[in-house]
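Asks: Take a look at this one; I'll ask things after.
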Amino acid sequence: MLKPATRVFTVVVYLLFAVSTFAASRTLTGTVTDTMCGNKHMIAGKSDADCTRECMKSKGNWTYGLVVGEKVYSLSGDTTQFASFAGKRVRVTGEQAGNSITVQSVTAAP
């Protein structure tokens with residue numbers, strides 16, 4: 001049988017782990033990009049939107065992303081919708097876990 005203090009400690013550790021694994025729903029405003037380029041697009045002569053779409057066609061190990069300030073979040077969801085917003089400022093609502101957002105909705109931002 002565990003001592004009461006040990007049981008309390010064990011329960012607290014389990015609760016902290018459980019809370020940290022849940023994604024937090026939030027809304028962020030930023031620009032749709034790809035996670036390879038982030039906010040520094042590299043294809044000369046292409047717009048940010050065209051560069052994002054070209055990078056996504058190349059099937060590298062990256063996803064659509066959302067640039068918010070200096071931070072780039074990885075987006076998962078409807079890639080066709082992300083492609084239509086490439087290079088544009090949007091408002092994304094979704095479940096955030098770390099640097100990833102599972103997108104529930106994306107709309108043009110003012």
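Residue names in the structure tokens use chain letters A, B, ... in the order shown, residue numbers from 1 in each chain, and ligand numbers from 1 in the order shown.
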I'd like the contact shell of Thr31 of chain A - 8 Å cut-off, only C-alpha atoms, skipping same-chain residues fewer than 5 positions apart - returned as a list in words.
Replies: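 Selected residues are Leu66, Val67, Val68, Ala86, Gly87, Lys88, Arg89 and Val90 of chain A.
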Asks: Can you tell me, as a PyMOL selection string, what residues are no more than 9 Å from Thr27 of chain A when counting only C-alpha atoms, ignoring any on the same chain fewer than 3 positions away?
Replies: chain A and resi 91-95
Asks: Please determine, counting only C-alpha atoms, which residue among A:Met36, A:Ala97, A:Ala44, A:Leu28 has the shortest atom-to-atom distance to Ser58 of chain A.
Replies: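 Closest to Ser58 of chain A of all the choices is A:Met36.
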Asks: Report, in Å with one decimal, the straight-line distance from atom CA of Gly77 of chain A to atom CA of Val103 of chain A.
Replies: 5.5 Å
Asks: Distance atom CA of Trp62 of chain A-atom CA of Pro110 of chain A, one decimal place?
Replies: 27.3 Å
Asks: For Cys55 of chain A, please output as an mmCIF file with N, CA and C atoms, in the first residue's frame all residues within 12 Å (counting only C-alpha atoms; exclusion window: fewer than 5 positions along the same chain).
Replies:
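part-v7.cif, written as the output of this step:
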data_model
loop_
_atom_site.group_PDB
_atom_site.id
_atom_site.type_symbol
_atom_site.label_atom_id
_atom_site.label_comp_id
_atom_site.auth_asym_id
_atom_site.auth_seq_id
_atom_site.Cartn_x
_atom_site.Cartn_y
_atom_site.Cartn_z
ATOM 1 N N THR A 33 1.384 30.067 -45.258
ATOM 2 C CA THR A 33 2.667 29.806 -45.890
ATOM 3 C C THR A 33 2.890 28.298 -45.916
ATOM 4 N N ASP A 34 4.122 27.884 -46.158
ATOM 5 C CA ASP A 34 4.504 26.488 -45.987
ATOM 6 C C ASP A 34 5.564 26.453 -44.894
ATOM 7 N N THR A 35 5.695 25.325 -44.219
ATOM 8 C CA THR A 35 6.616 25.264 -43.087
ATOM 9 C C THR A 35 8.076 25.183 -43.511
ATOM 10 N N MET A 36 8.346 24.976 -44.780
ATOM 11 C CA MET A 36 9.736 25.013 -45.240
ATOM 12 C C MET A 36 10.213 26.464 -45.332
ATOM 13 N N CYS A 37 9.432 27.312 -45.977
ATOM 14 C CA CYS A 37 9.842 28.703 -46.184
ATOM 15 C C CYS A 37 9.526 29.588 -44.987
ATOM 16 N N GLY A 38 8.433 29.309 -44.294
ATOM 17 C CA GLY A 38 8.016 30.198 -43.220
ATOM 18 C C GLY A 38 7.686 31.568 -43.776
ATOM 19 N N HIS A 41 10.267 33.435 -48.225
ATOM 20 C CA HIS A 41 10.097 32.648 -49.447
ATOM 21 C C HIS A 41 11.341 32.739 -50.319
ATOM 22 N N MET A 42 11.648 31.617 -50.989
ATOM 23 C CA MET A 42 12.950 31.507 -51.645
ATOM 24 C C MET A 42 12.922 31.353 -53.157
ATOM 25 N N ILE A 43 11.765 31.296 -53.783
ATOM 26 C CA ILE A 43 11.727 31.142 -55.237
ATOM 27 C C ILE A 43 11.700 32.528 -55.875
ATOM 28 N N LYS A 46 8.713 34.712 -57.877
ATOM 29 C CA LYS A 46 7.381 34.188 -57.526
ATOM 30 C C LYS A 46 6.832 34.975 -56.343
ATOM 31 N N ASP A 48 4.668 35.316 -52.802
ATOM 32 C CA ASP A 48 4.627 34.434 -51.629
ATOM 33 C C ASP A 48 3.602 33.324 -51.825
ATOM 34 N N ALA A 49 2.452 33.666 -52.416
ATOM 35 C CA ALA A 49 1.400 32.669 -52.656
ATOM 36 C C ALA A 49 1.883 31.597 -53.621
ATOM 37 N N ASP A 50 2.502 32.019 -54.730
ATOM 38 C CA ASP A 50 2.995 31.044 -55.722
ATOM 39 C C ASP A 50 4.122 30.195 -55.155
ATOM 40 N N GLY A 60 7.796 17.716 -50.181
ATOM 41 C CA GLY A 60 8.831 17.621 -49.159
ATOM 42 C C GLY A 60 8.217 17.245 -47.822
ATOM 43 N N ASN A 61 9.021 17.289 -46.796
ATOM 44 C CA ASN A 61 8.566 16.926 -45.463
ATOM 45 C C ASN A 61 8.071 18.179 -44.724
ATOM 46 N N TRP A 62 7.137 18.908 -45.330
ATOM 47 C CA TRP A 62 6.580 20.100 -44.726
ATOM 48 C C TRP A 62 5.084 20.153 -44.990
ATOM 49 N N THR A 63 4.435 21.089 -44.322
ATOM 50 C CA THR A 63 2.986 21.238 -44.421
ATOM 51 C C THR A 63 2.670 22.711 -44.676
ATOM 52 N N TYR A 64 1.388 22.993 -44.906
ATOM 53 C CA TYR A 64 0.973 24.388 -44.898
ATOM 54 C C TYR A 64 1.199 24.906 -43.492
ATOM 55 N N GLY A 65 1.478 26.192 -43.389
ATOM 56 C CA GLY A 65 1.755 26.789 -42.100
ATOM 57 C C GLY A 65 1.063 28.125 -41.958
ATOM 58 N N ALA A 83 -4.507 26.119 -49.726
ATOM 59 C CA ALA A 83 -3.920 26.555 -51.005
ATOM 60 C C ALA A 83 -4.620 27.814 -51.513
ATOM 61 N N ALA A 86 -3.173 30.766 -49.712
ATOM 62 C CA ALA A 86 -1.706 30.888 -49.700
ATOM 63 C C ALA A 86 -1.275 32.338 -49.895
#
Asks: Looking at A:Tyr73, A:Ser84, A:Met56, A:Asp78, which one is nearest to Ser105 of chain A, with distances taken over only C-alpha atoms?
Replies: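 That would be A:Asp78, the residue with the smallest distance to Ser105 of chain A.
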Asks: Would you mind telling me which residue in A:Ile101, A:Gly45, A:Thr107, A:Gly30 lies nearest to Leu75 of chain A when using only C-alpha atoms?
Replies: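 So, comparing all the options, the nearest one is A:Ile101.
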Asks: Please run DSSP on the backbone and report, as a PyMOL selection string, all residues within segment 12-76 of chain A that come out as alpha helix (DSSP H).
Replies: chain A and resi 12-21+48-57
Asks: Export N, CA, C and O atoms of the chosen residues as a compact mmCIF listing (two decimals), in the first residue's frame?
Replies:
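Result written to result_14.txt:
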# COMPACT_ATOMS: atom_id res chain seq x y z
N VAL A 12 -1.25 13.79 -8.87
CA VAL A 12 -0.88 15.10 -9.42
C VAL A 12 -0.08 14.94 -10.72
O VAL A 12 -0.34 15.62 -11.72
N VAL A 13 0.87 14.01 -10.73
CA VAL A 13 1.67 13.77 -11.94
C VAL A 13 0.76 13.31 -13.08
O VAL A 13 0.88 13.80 -14.20
N TYR A 14 -0.14 12.39 -12.82
CA TYR A 14 -1.06 11.92 -13.86
C TYR A 14 -1.95 13.04 -14.38
O TYR A 14 -2.18 13.16 -15.58
N LEU A 15 -2.44 13.89 -13.48
CA LEU A 15 -3.29 15.01 -13.91
C LEU A 15 -2.51 16.01 -14.75
O LEU A 15 -3.02 16.49 -15.76
N LEU A 16 -1.31 16.32 -14.36
CA LEU A 16 -0.49 17.24 -15.16
C LEU A 16 -0.21 16.68 -16.54
O LEU A 16 -0.28 17.38 -17.54
N PHE A 17 0.06 15.39 -16.61
CA PHE A 17 0.29 14.76 -17.90
C PHE A 17 -0.97 14.80 -18.75
O PHE A 17 -0.93 15.13 -19.93
N ALA A 18 -2.11 14.50 -18.16
CA ALA A 18 -3.38 14.50 -18.90
C ALA A 18 -3.71 15.89 -19.42
O ALA A 18 -4.12 16.05 -20.57
N VAL A 19 -3.54 16.91 -18.61
CA VAL A 19 -3.83 18.28 -19.03
C VAL A 19 -2.89 18.71 -20.15
O VAL A 19 -3.30 19.35 -21.11
N SER A 20 -1.62 18.32 -20.08
CA SER A 20 -0.67 18.75 -21.10
C SER A 20 -0.89 18.07 -22.44
O SER A 20 -0.46 18.57 -23.46
N THR A 21 -1.61 16.95 -22.48
CA THR A 21 -1.84 16.26 -23.74
C THR A 21 -3.07 16.77 -24.47
O THR A 21 -3.25 16.46 -25.64
N ASP A 48 4.67 35.32 -52.80
CA ASP A 48 4.63 34.43 -51.63
C ASP A 48 3.60 33.32 -51.82
O ASP A 48 3.84 32.18 -51.46
N ALA A 49 2.45 33.67 -52.42
CA ALA A 49 1.40 32.67 -52.66
C ALA A 49 1.88 31.60 -53.62
O ALA A 49 1.70 30.39 -53.38
N ASP A 50 2.50 32.02 -54.73
CA ASP A 50 2.99 31.04 -55.72
C ASP A 50 4.12 30.20 -55.15
O ASP A 50 4.19 28.99 -55.41
N CYS A 51 5.01 30.80 -54.38
CA CYS A 51 6.10 30.05 -53.77
C CYS A 51 5.54 28.99 -52.82
O CYS A 51 5.98 27.84 -52.83
N THR A 52 4.56 29.38 -52.01
CA THR A 52 3.93 28.43 -51.07
C THR A 52 3.33 27.26 -51.84
O THR A 52 3.57 26.10 -51.50
N ARG A 53 2.59 27.54 -52.90
CA ARG A 53 1.96 26.46 -53.67
C ARG A 53 3.01 25.56 -54.34
O ARG A 53 2.86 24.35 -54.38
N GLU A 54 4.08 26.15 -54.86
CA GLU A 54 5.15 25.37 -55.49
C GLU A 54 5.83 24.47 -54.47
O GLU A 54 6.12 23.29 -54.75
N CYS A 55 6.13 25.01 -53.31
CA CYS A 55 6.77 24.20 -52.26
C CYS A 55 5.88 23.04 -51.85
O CYS A 55 6.37 21.93 -51.63
N MET A 56 4.58 23.29 -51.76
CA MET A 56 3.66 22.22 -51.35
C MET A 56 3.55 21.15 -52.43
O MET A 56 3.33 19.99 -52.13
N LYS A 57 3.72 21.51 -53.70
CA LYS A 57 3.68 20.53 -54.79
C LYS A 57 4.91 19.64 -54.78
O LYS A 57 4.87 18.53 -55.29
Asks: Using only C-alpha atoms, pick whichever of A:Ala24, A:Ser47, A:Lys40, A:Gln81 has the shortest atom-to-atom distance to Asn99 of chain A.
Replies: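 The answer is A:Ala24, which sits nearest to Asn99 of chain A.
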